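Working notes, beginning with the structure itself.
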Amino acid sequence: MYLRKFTFRENAGQKIEWLIDNLALGEINLMVGKNSSGKTRTLNAITDLVNMIRGREALIKGRVSYDVTFSNNDSELRYLLEFDEETISLEKLFLKDEIVLDRGSGGKGRIKYQATPGAMFLDFEILHDQLACYAKRDRLQHPFIELIHNWAISLRRFDFSGDLGKNSYELKTVFEEREIDFSKTNTSLVPFLYLGVNRSDQFKDIIMEDMRDIGYEMEDLGVIHYSDRYSLTKQDRYAIYTTEAGLEKKVTQRDMSQGMFRAFSLLVQINYHIISGAKGCIIIDDIGEGLDFKKARNLVNLLVSKAEKAGIQMILSTNDAFIMNAVDIKNWAVLNREGNKISLYNYENSKEIFEDFKFTGLNNFDFYASEFFKSGFTDDDIEE
């Protein structure tokens with residue numbers, strides 16, 4: 001299931017209002033925009049919605065509304081949500097054009113019952129601060145809610161400029177899947193490596209081949225006992241190590257360069273996501289941060305290829321001109337902010353402008369820098 005349209009409004013009618021207006025997303029989205037254009041705010045709004053559907057607390061406070069549309073094979077789901085602080089005032093879910101969940105203030109609502117043939121709706125009353133899309137989960141009675149929930153629990157967000165687990169270690173080397181919260185992408189990679197190798201004999205080879213495709217001549221990787229002489233604890237700890245061509249030494253994650261480790265962590269986690277059969281959406285903020293332009297370009301092209309083959313929706317954000325030039329503008333999602341309103345231009349909603357750009361002879365970055373994405377050719381351009 002893919003996120004297709006997304007509208008978010010915060011503090012409506014106030015001086016601090018924000019509106020992310022009807023963003024139309026494709027399967028591959030390179031989100032670009034000037035500083036303060038709303039990239040991080042947009043990704044945070046999506047992440048907050050995901051956390052609420054998972055039953056977690058939202059970070060956004062104040063009066064908030066969402067209008068979200070998903071594409072699920074040949075059907076469409078539309079989800080409306082409004083809340084103020086922790087009180088939910090409206091929650092509606094449409095399956096195609098039929099409303100199957102309708103909840104108002106006070107936690108009272110109606111939901112379609114599908115365990116037996118025929119149209120039947122049940123009344124319910126839940127806590128005022130709980131989403132019905134979390135509290136009313138039932139695969140047999142309300143399978144449409146499971147679609148929304150599965151989208152939320154399968155979404156992964158990576159902040160490429162962050163730690164991504166570089167300073168996280170483990171106290172053991174054997175794990176079960178139920179122990180791991182895979183949505184936390186800044187944790188130790190030791191469980192991912194253990195579980196990945198147990199799922200697939202090719203897991204290590206896949207990671208090393210991917211790293212070589214980026215530009216790191218990796219020959220081995222694994223888990224090693226890690227001893228830090230400056231640590232105040234005496235517990236055994238375990239870390240990831242790698243070796244590269246021409247270097248016999250096993251380099252632990254502590255001594256790997258930040259850029260290399262970020263790429264390595266991303267590929268370990270995404271490859272595990274793929275071999276485990278997960279779909280959904282992967283968000284990567286500030287992709288390529290800390291990498292030279294060639295490695296950043298190679299990484300982005302590799303990730304796009306993997307996402308397309310696996311049927312995963314991918315949202316990447318960047319300000320890097322080299323990355324912009326490496327990705328087909330058909331996969332671009334250009335954010336433009338005017339005051340408190342954030343709009344998006346992409347191939348889906350501005351096809352003619354995106355098609356016209358190939359006649360300019362300019363590179364992809366100029367499409368963004370010249371703001372061609374807003375209006376395309378002017379009358380003066382056509383006359384010339």
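Note on naming: chains are A, B, ... as they come in the structure tokens, residues start from 1 per chain, ligands start from 1 in the order shown.
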Practice task
Excluding stretch 42-52 of chain A and residues on its chain fewer than 3 positions from it, collect all residues at most 10 Å away from it, counting only C-alpha atoms, and give them as number ranges by chain.
Solution key: A: 3, 6-10, 19-20, 23, 31, 37-39, 55-60, 64, 66, 68, 81, 130-131, 133-134, 148-149, 151-157, 183, 283-285, 315-317, 335, 342
Residues of the last selection are to be written out with C-alpha atoms, as a PDB file, in the first residue's frame.
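Written out: result-v9.pdb:
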ATOM      1  CA  LEU A   3       0.860   6.887   0.404  1.00  0.00           C
ATOM      2  CA  PHE A   6      -1.126  13.983   1.975  1.00  0.00           C
ATOM      3  CA  THR A   7      -2.570  17.160   3.489  1.00  0.00           C
ATOM      4  CA  PHE A   8      -1.608  18.394   6.943  1.00  0.00           C
ATOM      5  CA  ARG A   9      -2.765  21.498   8.767  1.00  0.00           C
ATOM      6  CA  GLU A  10      -1.443  22.673  12.133  1.00  0.00           C
ATOM      7  CA  LEU A  19      -0.423  23.931   5.816  1.00  0.00           C
ATOM      8  CA  ILE A  20       1.103  21.107   3.786  1.00  0.00           C
ATOM      9  CA  LEU A  23       1.114  16.579  -1.641  1.00  0.00           C
ATOM     10  CA  MET A  31      12.128  15.550  -2.109  1.00  0.00           C
ATOM     11  CA  SER A  37      10.980  24.988   2.466  1.00  0.00           C
ATOM     12  CA  GLY A  38       9.326  22.356   4.671  1.00  0.00           C
ATOM     13  CA  LYS A  39      11.119  19.079   3.913  1.00  0.00           C
ATOM     14  CA  GLY A  55      -0.462   3.622  19.379  1.00  0.00           C
ATOM     15  CA  ARG A  56       2.346   5.971  20.321  1.00  0.00           C
ATOM     16  CA  GLU A  57       2.170   9.603  21.382  1.00  0.00           C
ATOM     17  CA  ALA A  58       2.367  12.305  18.739  1.00  0.00           C
ATOM     18  CA  LEU A  59       5.100  14.908  19.083  1.00  0.00           C
ATOM     19  CA  ILE A  60       3.008  17.598  17.396  1.00  0.00           C
ATOM     20  CA  VAL A  64      -3.947  19.355  13.898  1.00  0.00           C
ATOM     21  CA  TYR A  66      -4.769  15.171   8.370  1.00  0.00           C
ATOM     22  CA  VAL A  68      -4.436  11.179   3.677  1.00  0.00           C
ATOM     23  CA  LEU A  81      -8.135  12.839  11.345  1.00  0.00           C
ATOM     24  CA  GLN A 130      -7.158   6.907  21.317  1.00  0.00           C
ATOM     25  CA  LEU A 131      -7.316   6.422  17.561  1.00  0.00           C
ATOM     26  CA  CYS A 133      -7.477   2.879  13.835  1.00  0.00           C
ATOM     27  CA  TYR A 134      -5.466   1.556  16.759  1.00  0.00           C
ATOM     28  CA  ILE A 148      -3.665   1.195   7.634  1.00  0.00           C
ATOM     29  CA  HIS A 149      -1.896  -0.394  10.596  1.00  0.00           C
ATOM     30  CA  TRP A 151       1.387   0.529   6.445  1.00  0.00           C
ATOM     31  CA  ALA A 152       2.326   2.273   9.694  1.00  0.00           C
ATOM     32  CA  ILE A 153       4.296  -0.563  11.282  1.00  0.00           C
ATOM     33  CA  SER A 154       6.222  -1.260   8.077  1.00  0.00           C
ATOM     34  CA  LEU A 155       7.321   2.353   7.533  1.00  0.00           C
ATOM     35  CA  ARG A 156      10.997   3.029   8.250  1.00  0.00           C
ATOM     36  CA  ARG A 157      12.535   6.467   8.671  1.00  0.00           C
ATOM     37  CA  SER A 183      11.154   1.021  13.497  1.00  0.00           C
ATOM     38  CA  ILE A 283      11.918   7.614   4.314  1.00  0.00           C
ATOM     39  CA  ILE A 284      15.537   8.789   4.232  1.00  0.00           C
ATOM     40  CA  ASP A 285      16.174  12.373   5.308  1.00  0.00           C
ATOM     41  CA  ILE A 315      10.886   9.182  -0.045  1.00  0.00           C
ATOM     42  CA  LEU A 316      14.385  10.714  -0.089  1.00  0.00           C
ATOM     43  CA  SER A 317      15.203  14.303   0.872  1.00  0.00           C
ATOM     44  CA  LEU A 335       8.681  21.516  -2.240  1.00  0.00           C
ATOM     45  CA  ILE A 342       3.926  24.173   1.586  1.00  0.00           C
TER      46      ILE A 342
END
Exercise for the section: Can you pull out every residue within 9 Å of A:Leu291, counting only C-alpha atoms, but drop anything in the same chain fewer than 6 positions away, and send it as a ChimeraX atom specification? Expected result: /A:258-260,263
Exercise for the section: Using backbone DSSP assignments, extract all strand (DSSP E or B) residues from stretch 216-258 of chain A; output them as a PyMOL selection string. Expected result: chain A and resi 218-226+237-244+251-252
Emit the selected residues as a compact mmCIF listing (two decimals), in the first residue's frame, including N, CA and C atoms.
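This went into part18.txt:
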# COMPACT_ATOMS: atom_id res chain seq x y z
N MET A 218 34.77 -3.72 0.19
CA MET A 218 34.59 -4.52 1.39
C MET A 218 34.79 -6.00 1.09
N GLU A 219 35.53 -6.68 1.97
CA GLU A 219 35.82 -8.11 1.78
C GLU A 219 35.18 -8.99 2.85
N ASP A 220 34.84 -8.41 3.99
CA ASP A 220 34.23 -9.22 5.05
C ASP A 220 33.52 -8.31 6.03
N LEU A 221 32.59 -8.89 6.76
CA LEU A 221 31.91 -8.17 7.84
C LEU A 221 31.40 -9.19 8.83
N GLY A 222 31.15 -8.77 10.04
CA GLY A 222 30.66 -9.70 11.05
C GLY A 222 30.53 -9.02 12.39
N VAL A 223 30.43 -9.84 13.44
CA VAL A 223 30.28 -9.36 14.81
C VAL A 223 31.54 -9.71 15.59
N ILE A 224 32.01 -8.79 16.41
CA ILE A 224 33.25 -8.99 17.15
C ILE A 224 33.06 -8.54 18.59
N HIS A 225 33.77 -9.20 19.50
CA HIS A 225 33.78 -8.75 20.89
C HIS A 225 34.47 -7.40 20.96
N TYR A 226 33.84 -6.46 21.62
CA TYR A 226 34.35 -5.09 21.61
C TYR A 226 34.72 -4.68 23.03
N ARG A 237 30.67 -6.55 25.41
CA ARG A 237 29.88 -5.86 24.40
C ARG A 237 30.30 -6.36 23.03
N TYR A 238 29.35 -6.28 22.11
CA TYR A 238 29.59 -6.79 20.76
C TYR A 238 29.27 -5.70 19.75
N ALA A 239 30.09 -5.66 18.72
CA ALA A 239 29.99 -4.62 17.70
C ALA A 239 30.11 -5.23 16.31
N ILE A 240 29.78 -4.43 15.31
CA ILE A 240 29.98 -4.81 13.91
C ILE A 240 31.42 -4.48 13.51
N TYR A 241 32.02 -5.35 12.70
CA TYR A 241 33.32 -5.03 12.12
C TYR A 241 33.24 -5.22 10.61
N THR A 242 34.15 -4.56 9.90
CA THR A 242 34.30 -4.75 8.46
C THR A 242 35.79 -4.83 8.13
N THR A 243 36.09 -5.45 7.00
CA THR A 243 37.45 -5.39 6.46
C THR A 243 37.35 -4.98 5.01
N GLU A 244 38.34 -4.21 4.55
CA GLU A 244 38.37 -3.75 3.17
C GLU A 244 39.61 -4.30 2.47
N VAL A 251 38.03 -3.58 11.25
CA VAL A 251 37.72 -2.23 11.71
C VAL A 251 36.34 -2.25 12.37
N THR A 252 36.28 -1.92 13.64
CA THR A 252 34.99 -1.90 14.33
C THR A 252 34.20 -0.65 13.94
Handout entry: Members of stretch 103-174 of chain A assigned helix (DSSP H, G or I) by DSSP, as a list of chain:residue names
Key = A:Ser105, A:Gly106, A:Gly107, A:Ala132, A:Cys133, A:Tyr134, A:Ala135, A:Pro143, A:Phe144, A:Ile145, A:Glu146, A:Leu147, A:Ile148, A:His149, A:Asn150, A:Trp151, A:Ala152, A:Ile153, A:Ser154
Problem - Residues near A:Met314, cut-off 8 Å, only C-alpha atoms, skip fewer than 5 positions along chain, as a list in words - result: Glu27, Ile28, Asn29, Cys281, Ile282, Ile283, Ile284, Val304 and Ala307 of chain A
Selection file, N, CA and C atoms, as an mmCIF file, in the first residue's frame:
data_model
loop_
_atom_site.group_PDB
_atom_site.id
_atom_site.type_symbol
_atom_site.label_atom_id
_atom_site.label_comp_id
_atom_site.auth_asym_id
_atom_site.auth_seq_id
_atom_site.Cartn_x
_atom_site.Cartn_y
_atom_site.Cartn_z
ATOM 1 N N GLU A 27 5.860 6.478 -6.383
ATOM 2 C CA GLU A 27 6.510 5.355 -5.717
ATOM 3 C C GLU A 27 7.943 5.704 -5.334
ATOM 4 N N ILE A 28 8.631 6.491 -6.167
ATOM 5 C CA ILE A 28 9.969 6.995 -5.844
ATOM 6 C C ILE A 28 9.881 8.515 -5.798
ATOM 7 N N ASN A 29 10.336 9.120 -4.695
ATOM 8 C CA ASN A 29 10.211 10.558 -4.516
ATOM 9 C C ASN A 29 11.514 11.138 -3.979
ATOM 10 N N CYS A 281 6.728 1.863 3.149
ATOM 11 C CA CYS A 281 7.415 3.093 2.758
ATOM 12 C C CYS A 281 8.718 3.232 3.530
ATOM 13 N N ILE A 282 9.759 3.684 2.843
ATOM 14 C CA ILE A 282 11.039 3.994 3.474
ATOM 15 C C ILE A 282 11.335 5.475 3.256
ATOM 16 N N ILE A 283 11.580 6.190 4.350
ATOM 17 C CA ILE A 283 11.918 7.614 4.314
ATOM 18 C C ILE A 283 13.379 7.774 4.706
ATOM 19 N N ILE A 284 14.133 8.520 3.906
ATOM 20 C CA ILE A 284 15.537 8.789 4.232
ATOM 21 C C ILE A 284 15.763 10.284 4.121
ATOM 22 N N VAL A 304 17.272 3.409 -5.122
ATOM 23 C CA VAL A 304 16.120 3.517 -6.025
ATOM 24 C C VAL A 304 15.894 2.193 -6.747
ATOM 25 N N ALA A 307 14.394 -0.336 -4.297
ATOM 26 C CA ALA A 307 13.001 -0.024 -3.990
ATOM 27 C C ALA A 307 12.080 -0.416 -5.143
#
Write out as a short mmCIF file (atom, residue, chain, number, x, y, z; two decimals) with C-alpha atoms, in the first residue's frame the residues lying within 9 Å of A:His142, counting only C-alpha atoms and excluding same-chain residues fewer than 6 positions away.
data_model
loop_
_atom_site.label_atom_id
_atom_site.label_comp_id
_atom_site.auth_asym_id
_atom_site.auth_seq_id
_atom_site.Cartn_x
_atom_site.Cartn_y
_atom_site.Cartn_z
CA VAL A 100 -16.33 2.34 6.92
CA ILE A 111 -17.52 1.00 12.23
CA LYS A 112 -18.32 -1.48 9.49
CA TYR A 113 -18.42 -5.15 10.52
CA GLN A 114 -17.13 -7.55 7.83
CA ALA A 115 -16.85 -10.91 9.63
CA LYS A 136 -10.49 -1.14 16.98
#
Handout entry: Long-range neighbours of A:Phe365 as a list in words, 7 Å cut-off, only C-alpha atoms, 3 positions minimum in chain
Key =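 Returned residues: Ala321, Met324, Asn325, Tyr368 and Ala369 of chain A.
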Mind writing the picked residues with N, CA and C atoms as an mmCIF file, in the first residue's frame?
data_model
loop_
_atom_site.group_PDB
_atom_site.id
_atom_site.type_symbol
_atom_site.label_atom_id
_atom_site.label_comp_id
_atom_site.auth_asym_id
_atom_site.auth_seq_id
_atom_site.Cartn_x
_atom_site.Cartn_y
_atom_site.Cartn_z
ATOM 1 N N ALA A 321 23.253 19.090 -4.931
ATOM 2 C CA ALA A 321 23.105 19.242 -6.381
ATOM 3 C C ALA A 321 23.543 17.990 -7.127
ATOM 4 N N MET A 324 20.784 15.485 -6.972
ATOM 5 C CA MET A 324 19.684 15.930 -7.832
ATOM 6 C C MET A 324 19.973 15.590 -9.295
ATOM 7 N N ASN A 325 21.215 15.795 -9.714
ATOM 8 C CA ASN A 325 21.569 15.513 -11.099
ATOM 9 C C ASN A 325 21.610 14.018 -11.398
ATOM 10 N N TYR A 368 15.469 23.004 -10.670
ATOM 11 C CA TYR A 368 15.110 23.454 -9.326
ATOM 12 C C TYR A 368 15.578 24.889 -9.083
ATOM 13 N N ALA A 369 16.846 25.182 -9.408
ATOM 14 C CA ALA A 369 17.422 26.492 -9.092
ATOM 15 C C ALA A 369 16.742 27.618 -9.865
#
Practice task
Can you pull out every residue within 9 Å of A:Gly106, counting only C-alpha atoms, but drop anything in the same chain fewer than 6 positions away, and send it as a ChimeraX atom specification?
Solution key: /A:87-89,125-129
Practice task
Identify, on the basis of only C-alpha atoms, every residue whose closest approach to A:Phe203 does not exceed 8 Å; exclude the query and any residue fewer than 5 positions from it along the same chain; express the result as a PyMOL selection string.
Solution key: chain A and resi 196-197+271
Export C-alpha atoms of the chosen residues as a PDB file, in the first residue's frame?
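Result saved to selection-v5.pdb:
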ATOM      1  CA  GLY A 196      19.698 -11.501   8.277  1.00  0.00           C
ATOM      2  CA  VAL A 197      22.253 -14.309   8.099  1.00  0.00           C
ATOM      3  CA  ASN A 271      18.264  -5.303   2.920  1.00  0.00           C
TER       4      ASN A 271
END
Practice task
Go through A:Asp210, A:Ala296, A:Asp286, A:Phe357 one by one, measure the shortest atom-to-atom distance of each to A:Ile270 using only C-alpha atoms, and give the residue with the smallest value.
Solution key: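 Nearest candidate to A:Ile270 out of A:Asp210, A:Ala296, A:Asp286, A:Phe357: A:Asp210.
Atom to atom, atom CA of A:His273 and atom CA of A:Met1 stand 15.5 Å apart.
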